[in-house]
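Student: Have a look at this one.
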Amino acid sequence: MSTVGDRLLTVTGIDKAFPGVQALAQVDFDLRAGEVHALVGENGAGKSTLTRIMAGVETPDGGRMILADRPYEPRARIDAESQGVRMVMQELNLIGNLTVAENIFIERLPSRYGFIRYRRLHEAAREVMENVGLADLDPSAPVRSLGVGRRQMVEIAAGLSRRCRVLALDEPTASLTQSEVDLLFAQIRRLQADGVGIIYISHRIEEVLTIADRITVLRDGRVVDTRATNDLDPDTVIRMMVGRDLGHECLAPRGPKGPLALRVVGLTRGDKVREVSFEAYRGEILGVAGLMGSGRTETMRAIFGADPPEAGAIYLHGAETPTRIRKPRDAVRHGIALLTEDRKEQGLFLPLAVRANVSIARLAHLSRLGWIEAARERQVAQRFVEALGVRCWSIEQAAGQLSGGNQQKVVIARWLFRDCDILIFDEPTRGIDVGAKFEIYRMLADLAQQGKAILFVSSDLKELMAVCNRILVLSAGRVAGVFARGQWTEEAIMAAAFREYVQTPRKAGTDGR
């Protein structure tokens, strides 16, 4: 790693409270020039809040900050950026109707006589995009056409394209494959060499130990400790974060699989889903792996009716006659649930209370004569909030005010309340801390033991290998293999993921996953 220089940013005694929650209490933190200083902790520990204060997005209730030996009191994000402090946030802030290039250079579009110089804009965008592995993406493509993974890369490209003294990255790799993570790390090391200080937030502990010089652990809004990375190992960091050992046992459901729950035959939609066939059984967790652009999300959306397939058939619970699913309402009526990878835009009603977000999938169950029974609704919401450990000051708190991980738990609570037989979880642990991940793993195993069929899409192969009974691998929209526990290896799964790209090389499309 680069040699760490002088102290660049110092934070002393920072306090921040939200209604019913003390988010930060007397937090001290410092960042040196040319250093990667990681912030880790469970969801709700205060990592994002602290970083947003340093980036001018939030105003602290108390404490002080020093930037390059001068008092630093940003009152807005633009104020922080004018002083060289920038942040790439966990929740994407791209404008869907604008192009990739326009989003990257939104604040400094090249123009002449009041007109945007698109040739120059696209040339500059291509140079930035190539640095993060987006050389195959058309800079004129609208961002709304991209999946979450590629949107994340565009957000990172925009952050890396601007000169700064301090760059904060909040969960930058949550939706990235390993090759994309490697490209990001190369750019981080380039910034380190230029003396830029990097604040790095991630729930991927091994990743943090690879890239960071120092690690500060937060728990319940307070600093537990700050240590050099060389003095730490994954188990020690996890103990500091959650205050207990989590163990490394196999978390896949035990026992024989149950009856056939879902059979997909020849499912096809454009060039993203091409004659996909597989089976899923009650009592098992079927993992779905593949590279970005492999068609994982598109396949799940086709099954759920969000993007109706052009061909193929879906058979439920061993039936000989296919079930017609043309829209999500059909899927839910037949006992299929989909937890989408994009909780912000597709999973939650952000202005509504946690209570309403949990109950909305099954309002008829809580109603009488057309009126919702408020007491029953509150009771249900409170039960799932407690069961999943959602950190909120009240079930009346707006979902948009929760941390990303707690928002994910609210979406999961909704589908658990619906009590569907086939549960499709698309990146359910994206942006969730290690303690909460283990809670979700065990929850999925419990659901399978109860006879549910679980489809678990994830870009984290180690996660799939720890949790799943079988792993379905997609490559360029096709099934490249199905591996049973005890028969797979990481190398075999990755070889299958690359299979279609090696056999039929072609330029990738603009969709994200």
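Here's how to read the names in the structure tokens: chain A, B, ... by the order shown, residue numbers from 1 in each chain, ligand numbers from 1 in the order shown.
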Name the residues of range 70-141 of chain A that fall into strand (DSSP E or B) according to DSSP on the backbone, using the chain letters and numbers of this document, as number ranges by chain.
Tutor: A: 70-71, 85-88, 99, 111-112, 115-116
Student: Phe483 in chain A: which residues within 9 Å, counting only C-alpha atoms, same-chain residues fewer than 2 positions away excluded, as a ChimeraX atom specification?
Tutor: /A:469-473,481,485-489,492-493
Student: Write out as a PDB file with C-alpha atoms, in the first residue's frame which residues come within 6 Å of range 163-174 of chain A when counting only C-alpha atoms, dropping same-chain ones fewer than 5 positions away.
Tutor:
```pdb
ATOM      1  CA  GLY A  84     -12.373  18.830  -1.961  1.00  0.00           C
ATOM      2  CA  VAL A  85     -14.496  16.358   0.059  1.00  0.00           C
ATOM      3  CA  ARG A  86     -16.659  14.049  -2.076  1.00  0.00           C
ATOM      4  CA  MET A  87     -18.836  11.027  -1.376  1.00  0.00           C
ATOM      5  CA  VAL A  88     -20.172   8.123  -3.426  1.00  0.00           C
ATOM      6  CA  MET A  89     -23.269   7.097  -1.496  1.00  0.00           C
ATOM      7  CA  GLN A  90     -24.609   3.602  -0.862  1.00  0.00           C
ATOM      8  CA  VAL A 196      -6.043  11.468  -1.670  1.00  0.00           C
ATOM      9  CA  GLY A 197      -7.505  10.209   1.608  1.00  0.00           C
ATOM     10  CA  ILE A 198     -10.124   7.470   1.157  1.00  0.00           C
ATOM     11  CA  ILE A 199     -12.906   6.731   3.659  1.00  0.00           C
ATOM     12  CA  TYR A 200     -14.130   3.224   2.839  1.00  0.00           C
ATOM     13  CA  ILE A 201     -17.344   1.663   4.154  1.00  0.00           C
ATOM     14  CA  SER A 202     -18.038  -2.003   3.452  1.00  0.00           C
ATOM     15  CA  ARG A 430     -26.699  -6.266  -0.471  1.00  0.00           C
ATOM     16  CA  GLY A 431     -25.598  -3.494   1.883  1.00  0.00           C
TER      17      GLY A 431
END
```
Student: List as a list in words the protein and nucleic acid residues near Lys272 in chain A, meaning an atom at most 7 Å away when only C-alpha atoms are counted, but skip any in the same chain fewer than 4 places from it.
Tutor: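 Everything that qualifies: Gly295, Glu298, Ala476 and Gly477 of chain A.
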Student: Which residue is closest to Val57 in chain A? Choose from A:Met241, A:Ala45, A:Cys468, A:Ala80 and count only C-alpha atoms.
Tutor: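 Between A:Met241, A:Ala45, A:Cys468, A:Ala80, the residue approaching Val57 in chain A most closely is A:Ala80.
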Student: Could you tell me, as a ChimeraX atom specification, which residues of range 264-435 of chain A DSSP assigns to helix (DSSP H, G or I) when given the backbone?
Tutor: /A:296-304,328-333,343-347,354-366,374-388,399-401,404-418,434-435
Student: Go ahead and write the residues just picked, C-alpha atoms, as a PDB file, in the first residue's frame.
Tutor:
```pdb
ATOM      1  CA  ARG A 296     -29.915 -13.667 -13.203  1.00  0.00           C
ATOM      2  CA  THR A 297     -32.237 -10.793 -12.376  1.00  0.00           C
ATOM      3  CA  GLU A 298     -33.977 -10.926 -15.760  1.00  0.00           C
ATOM      4  CA  THR A 299     -34.797 -14.606 -15.238  1.00  0.00           C
ATOM      5  CA  MET A 300     -36.273 -13.961 -11.800  1.00  0.00           C
ATOM      6  CA  ARG A 301     -38.349 -11.039 -13.115  1.00  0.00           C
ATOM      7  CA  ALA A 302     -39.651 -13.206 -15.960  1.00  0.00           C
ATOM      8  CA  ILE A 303     -40.750 -15.912 -13.514  1.00  0.00           C
ATOM      9  CA  PHE A 304     -42.479 -13.273 -11.373  1.00  0.00           C
ATOM     10  CA  PRO A 328     -46.707  -9.796 -10.624  1.00  0.00           C
ATOM     11  CA  ARG A 329     -50.268  -9.993  -9.333  1.00  0.00           C
ATOM     12  CA  ASP A 330     -50.576 -13.428 -10.963  1.00  0.00           C
ATOM     13  CA  ALA A 331     -47.356 -14.586  -9.323  1.00  0.00           C
ATOM     14  CA  VAL A 332     -48.358 -13.414  -5.855  1.00  0.00           C
ATOM     15  CA  ARG A 333     -51.777 -15.053  -6.238  1.00  0.00           C
ATOM     16  CA  ARG A 343     -35.054  -1.946  -2.716  1.00  0.00           C
ATOM     17  CA  LYS A 344     -35.076   1.848  -3.099  1.00  0.00           C
ATOM     18  CA  GLU A 345     -36.905   2.089  -6.430  1.00  0.00           C
ATOM     19  CA  GLN A 346     -38.749  -1.251  -6.627  1.00  0.00           C
ATOM     20  CA  GLY A 347     -38.999  -2.645  -3.110  1.00  0.00           C
ATOM     21  CA  VAL A 354     -42.449   0.756   8.340  1.00  0.00           C
ATOM     22  CA  ARG A 355     -45.852  -0.526   9.466  1.00  0.00           C
ATOM     23  CA  ALA A 356     -47.463   0.179   6.099  1.00  0.00           C
ATOM     24  CA  ASN A 357     -44.543  -1.282   4.130  1.00  0.00           C
ATOM     25  CA  VAL A 358     -44.855  -4.577   6.021  1.00  0.00           C
ATOM     26  CA  SER A 359     -48.643  -4.901   5.858  1.00  0.00           C
ATOM     27  CA  ILE A 360     -49.261  -3.765   2.291  1.00  0.00           C
ATOM     28  CA  ALA A 361     -48.711  -7.210   0.737  1.00  0.00           C
ATOM     29  CA  ARG A 362     -51.651  -8.715   2.673  1.00  0.00           C
ATOM     30  CA  LEU A 363     -54.105  -5.973   3.553  1.00  0.00           C
ATOM     31  CA  ALA A 364     -57.159  -8.173   3.080  1.00  0.00           C
ATOM     32  CA  HIS A 365     -55.949 -10.339   5.974  1.00  0.00           C
ATOM     33  CA  LEU A 366     -55.951  -7.248   8.213  1.00  0.00           C
ATOM     34  CA  ALA A 374     -55.156  -0.688  12.908  1.00  0.00           C
ATOM     35  CA  ALA A 375     -54.393  -2.656  16.080  1.00  0.00           C
ATOM     36  CA  ARG A 376     -53.858  -5.912  14.155  1.00  0.00           C
ATOM     37  CA  GLU A 377     -51.722  -4.122  11.575  1.00  0.00           C
ATOM     38  CA  ARG A 378     -49.486  -2.633  14.296  1.00  0.00           C
ATOM     39  CA  GLN A 379     -49.232  -6.011  16.021  1.00  0.00           C
ATOM     40  CA  VAL A 380     -48.121  -7.747  12.810  1.00  0.00           C
ATOM     41  CA  ALA A 381     -45.600  -5.061  11.909  1.00  0.00           C
ATOM     42  CA  GLN A 382     -44.131  -5.021  15.418  1.00  0.00           C
ATOM     43  CA  ARG A 383     -43.781  -8.815  15.398  1.00  0.00           C
ATOM     44  CA  PHE A 384     -41.766  -8.873  12.174  1.00  0.00           C
ATOM     45  CA  VAL A 385     -39.688  -5.834  13.125  1.00  0.00           C
ATOM     46  CA  GLU A 386     -38.641  -7.586  16.330  1.00  0.00           C
ATOM     47  CA  ALA A 387     -38.115 -10.966  14.637  1.00  0.00           C
ATOM     48  CA  LEU A 388     -35.782  -9.506  11.996  1.00  0.00           C
ATOM     49  CA  ALA A 399     -38.934   3.561   5.598  1.00  0.00           C
ATOM     50  CA  GLY A 400     -36.846   6.164   3.775  1.00  0.00           C
ATOM     51  CA  GLN A 401     -35.277   7.211   7.082  1.00  0.00           C
ATOM     52  CA  GLY A 404     -30.005   0.512   3.742  1.00  0.00           C
ATOM     53  CA  GLY A 405     -29.726  -2.774   5.597  1.00  0.00           C
ATOM     54  CA  ASN A 406     -32.774  -2.085   7.726  1.00  0.00           C
ATOM     55  CA  GLN A 407     -34.738  -1.124   4.626  1.00  0.00           C
ATOM     56  CA  GLN A 408     -33.863  -4.536   3.199  1.00  0.00           C
ATOM     57  CA  LYS A 409     -35.178  -6.212   6.332  1.00  0.00           C
ATOM     58  CA  VAL A 410     -38.490  -4.373   5.981  1.00  0.00           C
ATOM     59  CA  VAL A 411     -38.913  -5.741   2.434  1.00  0.00           C
ATOM     60  CA  ILE A 412     -38.159  -9.245   3.693  1.00  0.00           C
ATOM     61  CA  ALA A 413     -40.701  -8.782   6.489  1.00  0.00           C
ATOM     62  CA  ARG A 414     -43.384  -7.908   3.943  1.00  0.00           C
ATOM     63  CA  TRP A 415     -42.951 -11.162   2.021  1.00  0.00           C
ATOM     64  CA  LEU A 416     -42.696 -13.242   5.182  1.00  0.00           C
ATOM     65  CA  PHE A 417     -46.045 -11.804   6.245  1.00  0.00           C
ATOM     66  CA  ARG A 418     -47.495 -12.736   2.833  1.00  0.00           C
ATOM     67  CA  VAL A 434     -22.153  -9.367   8.626  1.00  0.00           C
ATOM     68  CA  GLY A 435     -24.247  -9.908  11.756  1.00  0.00           C
TER      69      GLY A 435
END
```
Student: Using only C-alpha atoms, can you tell me which of A:Val264, A:Leu339, A:Ala280, A:Leu67 comes closest to Tyr315 in chain A?
Tutor: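 Of the candidates, the smallest distance to Tyr315 in chain A is held by A:Val264.
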Student: Closest to Leu9 in chain A among A:Asp69, A:Glu123, A:Glu42, A:Glu373, using only C-alpha atoms?
Tutor: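 Of the candidates, the smallest distance to Leu9 in chain A is held by A:Asp69.
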Student: Figure out the distance between CA of Leu209 in chain A and CA of Pro234 in chain A, please, to one decimal in Å.
Tutor: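 Distance reported for this atom pair: 7.7 Å.
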